[in-house]
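A.B. asks: Before I ask anything, let me first share the structure, which is written out below as structure tokens.
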Amino acid sequence: MSMAAVETKKITLRTADNHEFEVEEAIAMEFSTIKTFFDENPDASEDTIPLPNVTSKCLSAIIEYCKSHLAFRARETSSSIDEQVRTYDEEFVKARDNESLKELILAANYLNIKALLDMLNQAVADRIKNKSVEYVRRFFGLENDYTPEEEAAIRAENEWAFEGVDPDDD
Amino acid sequence: MSSTISSAADAIASNEDLLTEILLRLPAKPLLKFKFVSKEWFSLISSSQFCLFHARRCRDNASFTAAVLLFHCDTSHTPPTGFHVVPLKNQCSKVPFFDYLGDSDVRIMQSCNGLLLCRSCDKFQYLSYFICNPSTNKIRIVSFPQAEVDGFVYAVNLAFDPLKSVHYKIISIRRLVWVAPRFQIDIYSSKTDSWSVKVLNFTKPDDVWLNCGVFCNGAIHWEGGDRSSLYLDVENMCLKAMPMPARMLDAPEGSYGESNRFLGESRGHLHLTVNYKPLCLQFNIFEMAADYSDWFLKYRMNLETVVKGFPEIPLYPDEEGGNQVSALCVIRSKIDEVSTVVVFVNGKAISYDLHDGTLTKLCDLEPCPKIHGHQSNYEAFHVYQYFETLSCV
């Protein structure tokens with residue numbers, strides 16, 4: 001079979017802050033939202049696709065992620081590849097602060113990239129699991145609608161669940 | 001707070017599906033705490049739908065395996081000396097609920113997917129049973145039907161599969177005094193909060209012990225001798241005989257008898273572990289086929305050489321009654337079906353990973369008081385797996 005140069009089809013995406021990204025079709029197809037769009041509109045391949053809910057910062061991170069994972073998948077499966085995937089995912093998450101994580105989750109949710117979304121959701125769960133109730137409220141921007149009396153009663157009844165909490169350093 | 005910062009948080013918090021996805025990935029203990037983040041979170045986490053999904057995730061997620069094993073002495077004549085909590089994972093070494101239980105004469109009868117069936121004995125020798133979930137600190141006392149029943153309560157078992165339903169069933173077996181067949185089953189369903197009495201009558205072979213049921217895949221299994229065991233299909237109320245592996249089946253070379261048999265369940269698999277004399281640290285782990293046709297040998301485990309290299313675990317010379325394996329528990333992991341076996345030998349609890357052959361010492365156990373005339377230094381223990389769950393009693 002001859003190694004003919006295959007012209008990789010590129011798709012243009014425009015983010016909420018008006019940046020345009022040209023991505024290879026294979027990567028764009030990782031975004032189920034976009035894949036569905038093309039499945040339903042096969043003639044629309046020339047147009048730029050607007051992504052009003054995604055910032056350029058998020059999109060470039062997501063494109064990096066999909067590129068790397070596609071490359072991993074192209075290689076033969078083995079436990080060392082699994083290990084590399086795990087390490088990559090850990091590094092991807094580790095450097096990001098809570099705000100970026102939340103934005104990435106919303107973007108991955110909007111673009112419907114299941115593997116990335118699962119990984120990010122797990123990362124958030126791991127981040128909050130040993131934190132205090134107050135930290136979680138701040139994280140999700142929630143108001144405490146319990147009265148002080150109600151809260152005191154709750155703590156008394158469930159004291160052991162409140163032990164072993166990490167300090168809120170961020 | 002700038003508007004962009006709060007909007008990402010708002011968007012996630014107000015998207016119930018997304019929020020649920022994150023919360024389902026948390027273990028039970030933080031979830032119990034986060035119920036109090038807000039009243040909306042309280043109703044979300046308390047809902048039976050959420051509990052059901054969470055139980056399924058626990059089952060699928062390898063990191064949510066049994067956190068802790070408990071056991072206590074099974075001495076019928078003296079009150080139990082209490083519970084020992086053996087942590088399998090560092091983060092769950094404290095189970096405060098059991099501090100409470102340890103004070104009174106309470107015995108764990110069965111552990112079933114996170115719920116415990118316990119029995120307590122008051123000073124008048126009156127037995128009462130209760131179901132508890134140590135994670136949520138909730139108890140429900142079992143009240144048996146008084147009218148229309150004969151005989152006395154002989155054994156009680158719990159059937160609970162959180163993957164199928166948030167509800168559980170209690171199987172109460174009464175011994176009839178004047179009537180044959182000798183045993184009668186009444187069933188309680190937590191769904192209807194009511195009993196169905198006299199659902200089934202049966203006789204059993206003498207050596208089947210109805211008090212130590214193992215619930216697995218919708219059936220309660222009662223071990224008997226090497227020939228006769230029974231299992232009860234709870235849904236269809238069918239009692240069937242279960243074939244057992246013959247004595248010395250596939251026994252390791254050099255062994256001349258069986259030492260003990262341990263029946264247990266993990267992730268829907270029924271295991272029977274056998275160890276042999278004189279090499280008490282050689283084990284065959286059999287697994288029951290899905291259609292109950294037969295047992296097949298799943299793992300062979302030889303801890304002899306591994307334990308020898310572990311100076312903290314004393315090994316006595318290979319003579320009869322030298323090394324005492326008091327209890328054993330096989331725990332399956334979801335990933336690649338790898339298993340860990342926790343063995344209680346010579347007063348120590350050790351964990352052996354069948355995948356890579358590594359041995360870890362978990363803790364020391366205090367010896368239980370000896371009964372007159374009993375040979376061994378360590379009594380037979382009952383081991384119960386403990387999971388943190390949200391399940392309701």
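Each chain in the structure tokens gets a letter, A, B, ..., in the order shown, and its residues are numbered from 1; ligands are numbered from 1 in order too.
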Near segment 120-125 of chain A, counting only C-alpha atoms, which residues have an atom at most 7 Å away, once you skip same-chain residues fewer than 3 positions from it, shown as a list in words?

C.D. replies: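 Non-adjacent residues within range: Ile105, Leu116, Leu117, Ile128 and Lys129 of chain A; Glu21, Ile22, Leu23, Arg25 and Leu26 of chain B.
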
A.B. asks: With N, CA, C and O atoms retained, could you export that selection as an mmCIF file, in the first residue's frame?

C.D. replies:
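In the end it all went to selection_14.cif:
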```cif
data_model
loop_
_atom_site.group_PDB
_atom_site.id
_atom_site.type_symbol
_atom_site.label_atom_id
_atom_site.label_comp_id
_atom_site.auth_asym_id
_atom_site.auth_seq_id
_atom_site.Cartn_x
_atom_site.Cartn_y
_atom_site.Cartn_z
ATOM 1 N N ILE A 105 -14.413 22.039 32.913
ATOM 2 C CA ILE A 105 -15.542 21.110 33.032
ATOM 3 C C ILE A 105 -16.715 21.604 32.198
ATOM 4 O O ILE A 105 -17.336 20.832 31.453
ATOM 5 N N LEU A 116 -12.712 13.219 28.841
ATOM 6 C CA LEU A 116 -12.136 14.389 29.514
ATOM 7 C C LEU A 116 -13.023 14.838 30.667
ATOM 8 O O LEU A 116 -12.540 15.136 31.756
ATOM 9 N N LEU A 117 -14.335 14.845 30.427
ATOM 10 C CA LEU A 117 -15.267 15.271 31.462
ATOM 11 C C LEU A 117 -15.192 14.358 32.678
ATOM 12 O O LEU A 117 -15.129 14.814 33.818
ATOM 13 N N ILE A 128 -11.995 18.018 46.497
ATOM 14 C CA ILE A 128 -12.867 18.474 47.583
ATOM 15 C C ILE A 128 -13.111 17.448 48.662
ATOM 16 O O ILE A 128 -13.615 17.791 49.738
ATOM 17 N N LYS A 129 -12.759 16.184 48.431
ATOM 18 C CA LYS A 129 -13.273 15.157 49.346
ATOM 19 C C LYS A 129 -12.817 15.314 50.791
ATOM 20 O O LYS A 129 -13.536 14.935 51.705
ATOM 21 N N GLU B 21 -22.779 14.147 38.864
ATOM 22 C CA GLU B 21 -21.629 13.385 38.358
ATOM 23 C C GLU B 21 -20.418 13.554 39.268
ATOM 24 O O GLU B 21 -19.684 12.614 39.535
ATOM 25 N N ILE B 22 -20.211 14.772 39.749
ATOM 26 C CA ILE B 22 -19.065 15.009 40.626
ATOM 27 C C ILE B 22 -19.291 14.349 41.979
ATOM 28 O O ILE B 22 -18.417 13.646 42.504
ATOM 29 N N LEU B 23 -20.494 14.533 42.536
ATOM 30 C CA LEU B 23 -20.765 14.003 43.869
ATOM 31 C C LEU B 23 -20.737 12.480 43.913
ATOM 32 O O LEU B 23 -20.326 11.880 44.905
ATOM 33 N N ARG B 25 -18.772 10.648 42.627
ATOM 34 C CA ARG B 25 -17.412 10.131 42.663
ATOM 35 C C ARG B 25 -16.769 10.251 44.039
ATOM 36 O O ARG B 25 -15.608 9.917 44.223
ATOM 37 N N LEU B 26 -17.549 10.740 45.003
ATOM 38 C CA LEU B 26 -17.012 10.882 46.345
ATOM 39 C C LEU B 26 -17.353 9.663 47.181
ATOM 40 O O LEU B 26 -18.424 9.096 47.022
#
```

A.B. asks: What residues in chain A lie within 8 Å of chain B, counting only C-alpha atoms, written as a count of residues only?

C.D. replies: 29

A.B. asks: Can you list, as a list of chain:residue names, every protein, DNA or RNA residue that comes within 10 Å of Gln184 of chain B when you count only C-alpha atoms, leaving out same-chain residues fewer than 5 positions away?

C.D. replies: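 The residues that qualify are B:Val149, B:Asp150, B:Gly151, B:Phe152, B:Val153, B:Tyr154, B:Ser172, B:Ile173, B:Arg174, B:Arg175, B:Leu176, B:Val197, B:Lys198, B:Val199, B:Leu200, B:Asn201, B:Phe202, B:Thr203.
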
A.B. asks: To one decimal place in Å, what is the distance between atom CA of Thr48 of chain A and atom CA of Asn18 of chain A?

C.D. replies: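 One can read the atom CA of Thr48 of chain A to atom CA of Asn18 of chain A distance as 11.5 Å.
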
A.B. asks: Can you tell me which residues surround segment 343-349 of chain B at a distance of at most 6 Å, considering only C-alpha atoms, apart from same-chain residues fewer than 2 positions away, and format the answer as a PyMOL selection string?

C.D. replies: chain B and resi 324-328+362-365

A.B. asks: From the DSSP assignment of the backbone, select every residue of segment 15-151 of chain A that is strand (DSSP E or B), and format the answer as a list in words.

C.D. replies: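 Reading the DSSP output for segment 15-151 of chain A, strand (DSSP E or B) covers Thr15, Glu20, Phe21, Glu22, Val23, Glu24, Ile49, Pro50 and Leu51 of chain A.
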
A.B. asks: Quick one: write out the picked residues with C-alpha atoms as an mmCIF file, in the first residue's frame?

C.D. replies:
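Dumped to out.cif:
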```
data_model
loop_
_atom_site.group_PDB
_atom_site.id
_atom_site.type_symbol
_atom_site.label_atom_id
_atom_site.label_comp_id
_atom_site.auth_asym_id
_atom_site.auth_seq_id
_atom_site.Cartn_x
_atom_site.Cartn_y
_atom_site.Cartn_z
ATOM 1 C CA THR A 15 -14.209 30.740 20.560
ATOM 2 C CA GLU A 20 -10.065 31.087 15.626
ATOM 3 C CA PHE A 21 -8.514 27.682 15.965
ATOM 4 C CA GLU A 22 -7.786 25.384 13.064
ATOM 5 C CA VAL A 23 -7.872 21.803 14.176
ATOM 6 C CA GLU A 24 -7.489 18.518 12.397
ATOM 7 C CA ILE A 49 -18.036 26.646 13.850
ATOM 8 C CA PRO A 50 -18.817 29.115 16.612
ATOM 9 C CA LEU A 51 -18.299 27.973 20.196
#
```

A.B. asks: Might you pull out every residue within 9 Å of segment 279-288 of chain B, with only C-alpha atoms counted and same-chain residues fewer than 3 positions away left off, and present them as a ChimeraX atom specification?

C.D. replies: /B:245,250-252,254-255,258-260,269-276,291-304,307,318-325,330,345

A.B. asks: Identify, on the basis of only C-alpha atoms, every residue whose closest approach to segment 82-97 of chain A does not exceed 9 Å; exclude the query and any residue fewer than 4 positions from it along the same chain; express the result as a list in words.

C.D. replies: Ala61, Tyr65, Ser68, His69, Phe72, Thr77, Ser78, Leu101, Lys102, Met119, Leu120 and Ala123 of chain A
